[in-house]
$ cat structure.csv   # CSV, C-alpha atoms
chain,number,residue,atom,x,y,z
A,208,MET,CA,40.6,338.0,-47.9
A,209,VAL,CA,41.7,335.6,-50.7
A,210,LYS,CA,41.1,337.2,-54.1
A,211,THR,CA,42.9,334.9,-56.5
A,212,ALA,CA,44.3,331.4,-56.9
A,213,VAL,CA,46.1,329.2,-59.4
A,214,ALA,CA,47.5,325.7,-59.6
A,215,ALA,CA,50.9,325.1,-61.1
A,216,ASP,CA,53.9,322.8,-60.8
A,217,LEU,CA,56.5,325.1,-59.3
A,218,ASN,CA,59.2,322.6,-58.2
A,219,GLY,CA,59.2,320.3,-61.2
A,220,ASP,CA,57.8,317.2,-59.4
A,221,LYS,CA,55.0,316.8,-61.9
A,222,LYS,CA,52.4,317.6,-59.2
A,223,PRO,CA,50.7,321.0,-59.1
A,224,GLU,CA,51.1,323.3,-56.1
A,225,LEU,CA,48.2,325.6,-55.0
A,226,ILE,CA,49.1,329.3,-55.0
A,227,ILE,CA,46.7,331.7,-53.4
A,228,THR,CA,46.9,335.4,-52.4
A,229,GLY,CA,44.7,338.4,-51.7
A,230,GLU,CA,44.3,341.6,-49.7
A,231,TRP,CA,46.8,342.0,-46.8
A,232,MET,CA,48.1,338.6,-47.8
A,233,PRO,CA,51.5,337.3,-48.9
A,234,ILE,CA,51.9,334.9,-51.8
A,235,LYS,CA,51.0,331.5,-50.3
A,236,VAL,CA,52.1,328.1,-51.8
A,237,PHE,CA,50.7,324.8,-50.6
A,238,GLU,CA,52.1,321.5,-51.6
A,239,TYR,CA,50.2,318.2,-51.4
A,240,VAL,CA,52.2,316.0,-49.1
A,241,ASN,CA,51.0,312.7,-47.6
A,242,GLY,CA,47.4,313.3,-48.3
A,243,LYS,CA,47.2,316.9,-47.1
A,244,MET,CA,48.1,320.4,-48.1
A,245,VAL,CA,51.2,321.8,-46.4
A,246,ASP,CA,52.2,325.5,-46.4
A,247,LYS,CA,55.6,325.7,-48.1
A,248,SER,CA,55.6,329.5,-48.9
A,249,GLU,CA,58.8,330.3,-47.1
A,250,SER,CA,60.8,327.6,-48.9
A,251,TYR,CA,59.9,329.3,-52.2
A,252,GLY,CA,61.1,332.7,-51.0
A,253,PHE,CA,57.7,334.5,-50.5
A,254,GLN,CA,58.5,336.1,-47.2
A,255,ASN,CA,57.4,339.8,-46.9
A,256,THR,CA,55.2,339.7,-50.0
A,257,GLU,CA,52.1,341.0,-48.3
A,258,GLY,CA,50.2,343.3,-50.6
A,259,TRP,CA,46.7,344.0,-51.9
A,260,TRP,CA,46.9,341.3,-54.6
A,261,ASN,CA,44.1,341.0,-57.1
A,262,LYS,CA,45.2,338.4,-59.7
A,263,ILE,CA,47.9,335.7,-60.0
A,264,ILE,CA,48.6,333.5,-63.0
A,265,ALA,CA,51.4,331.0,-63.8
A,266,ASP,CA,53.4,330.8,-67.0
A,267,ASP,CA,57.0,330.2,-68.1
A,268,ILE,CA,57.8,333.9,-68.8
A,269,ASP,CA,61.6,333.6,-69.2
A,270,GLY,CA,61.5,330.4,-71.3
A,271,ASP,CA,63.7,328.3,-69.0
A,272,GLY,CA,61.3,325.4,-68.6
A,273,ASP,CA,59.8,326.2,-65.1
A,274,MET,CA,56.7,328.1,-64.1
A,275,ASP,CA,57.0,331.7,-63.1
A,276,LEU,CA,54.2,333.8,-61.5
A,277,ILE,CA,52.7,337.1,-62.6
A,278,ALA,CA,50.8,339.0,-59.9
A,279,GLY,CA,48.5,342.0,-60.2
A,280,ASN,CA,48.5,344.4,-57.2
A,281,LEU,CA,47.2,347.8,-56.1
A,282,GLY,CA,49.8,349.6,-58.2
A,283,GLU,CA,52.2,352.4,-57.4
A,284,ASN,CA,49.9,355.3,-58.4
A,285,TYR,CA,47.6,355.3,-55.4
A,286,LYS,CA,47.0,357.3,-52.2
A,287,PHE,CA,48.7,354.5,-50.3
A,288,SER,CA,52.3,353.3,-50.5
A,289,ALA,CA,54.1,350.4,-48.9
A,290,SER,CA,57.6,349.0,-48.5
A,291,LYS,CA,59.5,346.7,-46.2
A,292,GLU,CA,61.0,349.6,-44.3
A,293,LYS,CA,57.7,351.6,-44.1
A,294,PRO,CA,54.8,349.1,-44.4
A,295,PHE,CA,51.2,350.1,-44.8
A,296,GLU,CA,49.2,348.9,-41.8
A,297,VAL,CA,45.7,348.3,-40.5
A,298,PHE,CA,44.3,348.0,-37.0
A,299,ALA,CA,40.8,346.9,-36.1
A,300,LYS,CA,39.2,346.8,-32.7
A,301,ASP,CA,36.2,348.2,-30.8
A,302,PHE,CA,38.2,351.1,-29.5
A,303,ASP,CA,35.2,353.1,-28.3
A,304,ASN,CA,33.2,350.1,-26.9
A,305,ASN,CA,30.1,350.7,-28.9
A,306,GLY,CA,29.8,347.1,-30.2
A,307,THR,CA,31.4,347.5,-33.7
A,308,ASN,CA,35.0,347.3,-34.9
A,309,ASP,CA,36.8,350.6,-35.6
A,310,ILE,CA,39.2,350.3,-38.5
A,311,PHE,CA,42.4,352.5,-38.6
A,312,LEU,CA,44.7,352.6,-41.6
A,313,ALA,CA,48.2,353.8,-40.8
A,314,LYS,CA,51.4,354.8,-42.5
A,315,HIS,CA,55.0,355.6,-41.3
A,316,LEU,CA,56.0,359.2,-41.3
A,317,ASN,CA,59.7,359.5,-40.6
A,318,ASP,CA,60.1,357.3,-37.6
A,319,ILE,CA,56.6,357.3,-36.2
A,320,MET,CA,53.3,355.6,-37.2
A,321,VAL,CA,50.4,357.9,-37.9
A,322,PRO,CA,46.8,357.4,-38.9
A,323,ILE,CA,45.8,358.0,-42.6
A,324,ARG,CA,42.7,360.0,-41.6
A,325,GLY,CA,42.8,363.3,-39.7
A,326,ARG,CA,41.1,364.4,-36.5
A,327,GLU,CA,37.7,365.2,-38.0
A,328,CYS,CA,37.1,361.8,-39.7
A,329,THR,CA,38.8,359.9,-36.9
A,330,SER,CA,36.7,361.6,-34.2
A,331,GLN,CA,33.5,360.9,-36.2
A,332,GLN,CA,34.3,357.2,-36.0
A,333,CYS,CA,35.5,357.4,-32.4
A,334,PRO,CA,34.0,360.4,-30.6
A,335,MET,CA,36.2,359.9,-27.6
A,336,ILE,CA,39.2,361.1,-29.7
A,337,ALA,CA,37.7,364.6,-29.9
A,338,GLN,CA,37.6,364.7,-26.2
A,339,LYS,CA,41.1,363.4,-25.8
A,340,PHE,CA,42.5,365.8,-28.4
A,341,PRO,CA,40.5,369.1,-28.3
A,342,THR,CA,42.6,370.8,-31.0
A,343,PHE,CA,43.9,369.7,-34.4
A,344,LEU,CA,47.4,370.6,-33.3
A,345,SER,CA,47.2,368.2,-30.3
A,346,PHE,CA,46.0,365.4,-32.6
A,347,ALA,CA,48.8,366.1,-35.1
A,348,GLU,CA,51.5,366.0,-32.5
A,349,SER,CA,50.5,362.5,-31.4
A,350,ASP,CA,51.3,359.1,-33.1
A,351,LEU,CA,48.8,356.3,-33.6
A,352,LYS,CA,49.5,354.6,-30.3
A,353,GLY,CA,49.1,357.9,-28.5
A,354,ILE,CA,45.7,358.4,-30.2
A,355,LEU,CA,44.3,354.9,-29.6
A,356,GLY,CA,46.1,354.0,-26.4
A,357,GLU,CA,47.3,350.7,-25.1
A,358,ASP,CA,44.3,348.9,-26.8
A,359,ILE,CA,46.2,349.0,-30.0
A,360,GLU,CA,48.4,346.1,-28.7
A,361,ASN,CA,45.4,343.8,-28.7
A,362,ALA,CA,43.9,344.9,-32.0
A,363,TYR,CA,43.6,342.9,-35.2
A,364,HIS,CA,46.7,344.0,-37.1
A,365,LYS,CA,47.9,343.4,-40.7
A,366,GLN,CA,50.8,344.9,-42.8
A,367,ALA,CA,51.4,345.3,-46.5
A,368,TYR,CA,55.0,345.6,-47.8
A,369,ILE,CA,54.5,345.8,-51.6
A,370,PHE,CA,51.9,347.4,-53.9
A,371,SER,CA,53.7,346.9,-57.2
A,372,SER,CA,52.5,344.5,-59.8
A,373,VAL,CA,55.3,342.1,-60.5
A,374,ILE,CA,56.7,338.9,-62.1
A,375,PHE,CA,58.0,336.3,-59.6
A,376,ILE,CA,60.9,334.7,-61.5
A,377,ASN,CA,61.4,331.0,-60.7
A,378,ASP,CA,65.1,330.1,-60.3
A,379,LYS,CA,65.2,326.5,-59.4
A,380,GLY,CA,62.4,326.7,-56.9
A,381,LYS,CA,63.3,330.1,-55.4
A,382,PHE,CA,61.4,333.1,-56.6
A,383,THR,CA,62.8,336.6,-57.1
A,384,ILE,CA,60.7,339.8,-57.8
A,385,LYS,CA,60.9,341.7,-61.0
A,386,LYS,CA,58.6,344.7,-61.3
A,387,LEU,CA,56.4,345.2,-64.4
A,388,PRO,CA,57.1,348.4,-66.4
A,389,VAL,CA,56.0,351.7,-64.9
A,390,GLU,CA,53.0,351.8,-67.3
A,391,ALA,CA,51.7,348.7,-65.6
A,392,GLN,CA,51.8,350.4,-62.2
A,393,LEU,CA,49.4,353.3,-63.0
A,394,SER,CA,46.4,351.5,-61.5
A,395,THR,CA,45.3,348.2,-60.0
A,396,VAL,CA,45.8,345.1,-62.1
A,397,ASN,CA,42.8,342.8,-62.0
A,398,GLY,CA,43.3,340.8,-65.2
A,399,ILE,CA,46.4,339.2,-66.8
A,400,LEU,CA,46.8,337.2,-70.0
A,401,VAL,CA,50.0,335.7,-71.4
A,402,ASN,CA,50.0,334.7,-75.1
A,403,ASP,CA,51.9,335.3,-78.3
A,404,PHE,CA,49.4,337.8,-79.5
A,405,ASP,CA,51.4,339.3,-82.4
A,406,GLY,CA,52.7,335.9,-83.8
A,407,ASP,CA,56.4,336.7,-83.5
A,408,GLY,CA,57.2,333.6,-81.4
A,409,LYS,CA,57.6,335.5,-78.1
A,410,LYS,CA,55.2,335.6,-75.3
A,411,ASP,CA,53.3,338.9,-74.8
A,412,MET,CA,51.2,340.1,-71.8
A,413,LEU,CA,47.9,341.8,-71.7
A,414,ILE,CA,46.7,343.5,-68.4
A,415,ALA,CA,43.8,345.5,-67.3
A,416,GLY,CA,42.2,346.8,-64.1
A,417,ASN,CA,41.0,349.9,-62.2
A,418,LYS,CA,39.2,350.4,-58.9
A,419,PHE,CA,36.3,352.8,-59.0
A,420,ASP,CA,34.6,351.7,-55.8
A,421,VAL,CA,36.4,353.6,-53.1
A,422,GLU,CA,35.4,355.5,-50.0
A,423,VAL,CA,34.7,359.2,-50.2
A,424,GLU,CA,38.2,360.4,-49.0
A,425,THR,CA,40.1,358.3,-51.6
A,426,THR,CA,40.0,359.1,-55.3
A,427,PRO,CA,39.3,356.2,-57.6
A,428,ALA,CA,42.2,354.3,-59.2
A,429,ASP,CA,41.2,355.0,-62.8
A,430,ALA,CA,44.4,355.6,-64.7
A,431,SER,CA,44.6,352.3,-66.5
A,432,VAL,CA,43.3,352.0,-70.1
A,433,GLY,CA,44.6,348.5,-70.4
A,434,LEU,CA,48.1,347.7,-71.5
A,435,PHE,CA,49.7,345.4,-74.1
A,436,LEU,CA,53.3,344.4,-73.1
A,437,LYS,CA,55.2,343.2,-76.1
A,438,GLY,CA,57.6,340.3,-75.3
A,439,THR,CA,61.3,340.6,-76.4
A,440,SER,CA,64.0,338.1,-77.0
A,441,ASP,CA,65.7,338.7,-73.6
A,442,GLY,CA,62.5,337.9,-71.7
A,443,SER,CA,61.6,341.6,-70.9
A,444,PHE,CA,58.5,343.4,-71.9
A,445,ILE,CA,58.0,346.7,-73.8
A,446,SER,CA,54.9,348.8,-73.1
A,447,THR,CA,52.8,349.6,-76.1
A,448,ASN,CA,50.3,352.5,-76.2
A,449,PRO,CA,46.7,351.8,-77.2
A,450,ALA,CA,47.0,353.5,-80.6
A,451,GLU,CA,49.5,350.9,-81.6
A,452,SER,CA,48.0,347.8,-79.9
A,453,GLY,CA,44.3,348.6,-80.3
A,454,PHE,CA,43.6,347.5,-76.8
A,455,PHE,CA,41.7,350.3,-75.0
A,456,ALA,CA,39.8,349.4,-71.8
A,457,PRO,CA,39.5,352.4,-69.4
A,458,TYR,CA,36.7,350.8,-67.4
A,459,ASN,CA,36.2,349.4,-64.0
A,460,VAL,CA,37.7,346.1,-65.3
A,461,LYS,CA,37.6,343.1,-62.9
A,462,ASP,CA,39.0,340.4,-65.2
A,463,ILE,CA,40.0,339.5,-68.7
A,464,LYS,CA,39.8,336.0,-70.3
A,465,MET,CA,41.1,334.6,-73.6
A,466,ILE,CA,38.7,332.5,-75.8
A,467,LYS,CA,39.0,330.8,-79.1
A,468,THR,CA,36.7,331.9,-82.0
A,469,LYS,CA,36.3,330.8,-85.6
A,470,ASN,CA,38.6,333.7,-86.5
A,471,GLY,CA,41.4,332.8,-84.0
A,472,ILE,CA,41.7,334.3,-80.5
A,473,ALA,CA,39.5,336.9,-78.7
A,474,VAL,CA,39.8,338.6,-75.3
A,475,LEU,CA,36.8,339.1,-73.1
A,476,VAL,CA,36.8,342.1,-70.8
A,477,SER,CA,34.4,342.2,-67.8
A,478,SER,CA,33.7,345.4,-65.9
A,479,ASN,CA,31.5,346.2,-62.9
A,480,ASN,CA,28.1,347.5,-64.0
A,481,ASP,CA,29.1,347.6,-67.6
A,482,LEU,CA,29.1,345.7,-70.9
A,483,LEU,CA,31.0,342.5,-71.5
A,484,ARG,CA,33.5,343.6,-74.2
A,485,ILE,CA,35.2,341.5,-76.9
A,486,PHE,CA,38.5,342.3,-78.5
A,487,GLU,CA,39.4,340.2,-81.6
A,488,ASN,CA,43.1,339.5,-82.3
A,489,LYS,CA,43.6,340.2,-86.0
A,490,LYS,CA,47.1,339.1,-87.0
A,491,ASN,CA,47.6,341.5,-89.9
A,492,ASN,CA,51.2,342.2,-89.1
A,493,LEU,CA,54.0,341.4,-86.6
A,494,VAL,CA,54.5,344.9,-85.3
A,495,ALA,CA,51.4,345.4,-83.2
A,496,VAL,CA,48.3,343.7,-82.0
A,497,ASN,CA,45.3,344.7,-84.1
A,498,ILE,CA,42.4,344.3,-81.6
A,499,LYS,CA,38.9,345.6,-82.5
A,500,ALA,CA,36.4,346.2,-79.8
A,501,LYS,CA,32.8,345.0,-79.9
A,502,SER,CA,30.1,345.4,-77.3
$ encode --input "structure.csv" --output "structure tokens"
Amino acid sequence: MVKTAVAADLNGDKKPELIITGEWMPIKVFEYVNGKMVDKSESYGFQNTEGWWNKIIADDIDGDGDMDLIAGNLGENYKFSASKEKPFEVFAKDFDNNGTNDIFLAKHLNDIMVPIRGRECTSQQCPMIAQKFPTFLSFAESDLKGILGEDIENAYHKQAYIFSSVIFINDKGKFTIKKLPVEAQLSTVNGILVNDFDGDGKKDMLIAGNKFDVEVETTPADASVGLFLKGTSDGSFISTNPAESGFFAPYNVKDIKMIKTKNGIAVLVSSNNDLLRIFENKKNNLVAVNIKAKS
């Protein structure tokens, strides 16, 4: 389920590493050693980083000379949540023996694991569950293993521990997590750009996303209108509202790219089943980014 990849020199050996990630995946780092790619993820500190990652880019965010990573995830404003203590989980197997895999999403409620969907939807997927649990109360009193039985032990199983969009700070080859501001967690992040957009000598960040294509029981992730994060002298970022930045992209955005034009820099915003939009960076002042949309 790889969704994104980037090549960058993370250890300062003048050779790029390959960084890949995606849905139900941790951040994976491969080094080119003796003619082959070798998984070195653990040595960089990327244990327990499984998430629903959509985008990863590399840049020296803190200005210390090495490459950091910025990663866009599902966000914290969604129906699902995840942590190391209470991971979000998926199980897949042909539980009812009809020739197709049955997929069960699960969460942790207090000290037990329970299915995301209730008895009605679950029994529509696996009719044998309606026979096993004739009442809603009997279903509610059981955990996931009690519902699916011993077959769960042999099912395809993945866990997610983090849904936040973050910066991975590179500290001499070891990476630590720093969450992006809360305004960046309102929806999925599918596109990330780093550049000094306002010309003040400090790197800024532009992000966009959303996830409109969801199944019927889950509302779309549509709270992102795009976000300009203004860089500061201490390496942190300040969220700027669209009225100040001019960047307004409340669409089903899947990626953003920066291009050079005769007037300077422009940002392309691509969205599913929608126009390709262009935002021009007009450096009229150093306070905010003046970006005008064209379609």
$ closest_residue --input "structure.csv" --among "A:Gly325, A:Met208, A:Asp267, A:Cys333" --to "Gly306 of chain A" --atoms "all atoms listed in the file"
A:Cys333
$ closest_atom_pairs --input "structure.csv" --of "segment 338-386 of chain A" --to "segment 435-457 of chain A" --cutoff "12 Å" --atoms "only C-alpha atoms" --output "CSV"
residue,atom,partner,partner_atom,distance
A:Val373,CA,A:Phe444,CA,11.9
A:Ile374,CA,A:Ser443,CA,10.4
A:Ile376,CA,A:Gly442,CA,10.8
A:Lys385,CA,A:Ser443,CA,9.9
A:Lys386,CA,A:Ser443,CA,10.5
$ atom_distance --input "structure.csv" --atom1 "atom CA of Glu390 of chain A" --atom2 "atom CA of Ile414 of chain A"
10.5 Å
$ residues_around --input "structure.csv" --residues "Val297 of chain A" --least-positions-apart "4" --cutoff "12 Å" --atoms "all atoms listed in the file" --output "JSON, numbers by chain"
{"A": [230, 231, 287, 309, 310, 311, 312, 313, 314, 315, 320, 321, 322, 323, 351, 359, 362, 363, 364, 365, 366, 367]}
$ residues_around --input "structure.csv" --residues "Ser394 of chain A" --least-positions-apart "2" --cutoff "7 Å" --atoms "all atoms listed in the file" --output "number ranges by chain"
A: 281-282, 284, 392, 396, 416-417, 428-431
$ closest_residue --input "structure.csv" --among "A:Arg324, A:Thr329, A:Ala337, A:Gly380" --to "Thr425 of chain A" --atoms "all atoms listed in the file"
A:Arg324
$ atom_distance --input "structure.csv" --atom1 "atom CA of Thr342 of chain A" --atom2 "atom CA of Val423 of chain A"
23.8 Å
$ closest_residue --input "structure.csv" --among "A:Phe302, A:Pro294, A:Val474, A:Pro388" --to "Lys352 of chain A" --atoms "all atoms listed in the file"
A:Phe302
$ atom_distance --input "structure.csv" --atom1 "atom CA of Thr228 of chain A" --atom2 "atom CA of Ile399 of chain A"
14.9 Å
$ residues_around --input "structure.csv" --residues "segment 240-251 of chain A" --least-positions-apart "5" --cutoff "10 Å" --atoms "only C-alpha atoms" --output "ChimeraX atom specification"
/A:217-218,224-226,233-235,377-383
$ closest_residue --input "structure.csv" --among "A:Ile268, A:Glu296, A:Arg326, A:Glu283" --to "Asp403 of chain A" --atoms "all atoms listed in the file"
A:Ile268
$ closest_residue --input "structure.csv" --among "A:Ile263, A:Ala214, A:Leu387, A:Ile354" --to "Tyr239 of chain A" --atoms "all atoms listed in the file"
A:Ala214
$ closest_atom_pairs --input "structure.csv" --of "segment 362-430 of chain A" --to "segment 465-468 of chain A" --cutoff "10 Å" --atoms "all atoms listed in the file" --output "CSV"
residue,atom,partner,partner_atom,distance
A:Ile399,CA,A:Met465,CA,9.8
A:Leu400,CA,A:Met465,CA,7.2
A:Val401,CA,A:Met465,CA,9.2
A:Asn402,CA,A:Met465,CA,9.0
$ closest_residue --input "structure.csv" --among "A:Glu487, A:Asp216, A:Asp350, A:Asp407" --to "Val236 of chain A" --atoms "all atoms listed in the file"
A:Asp216
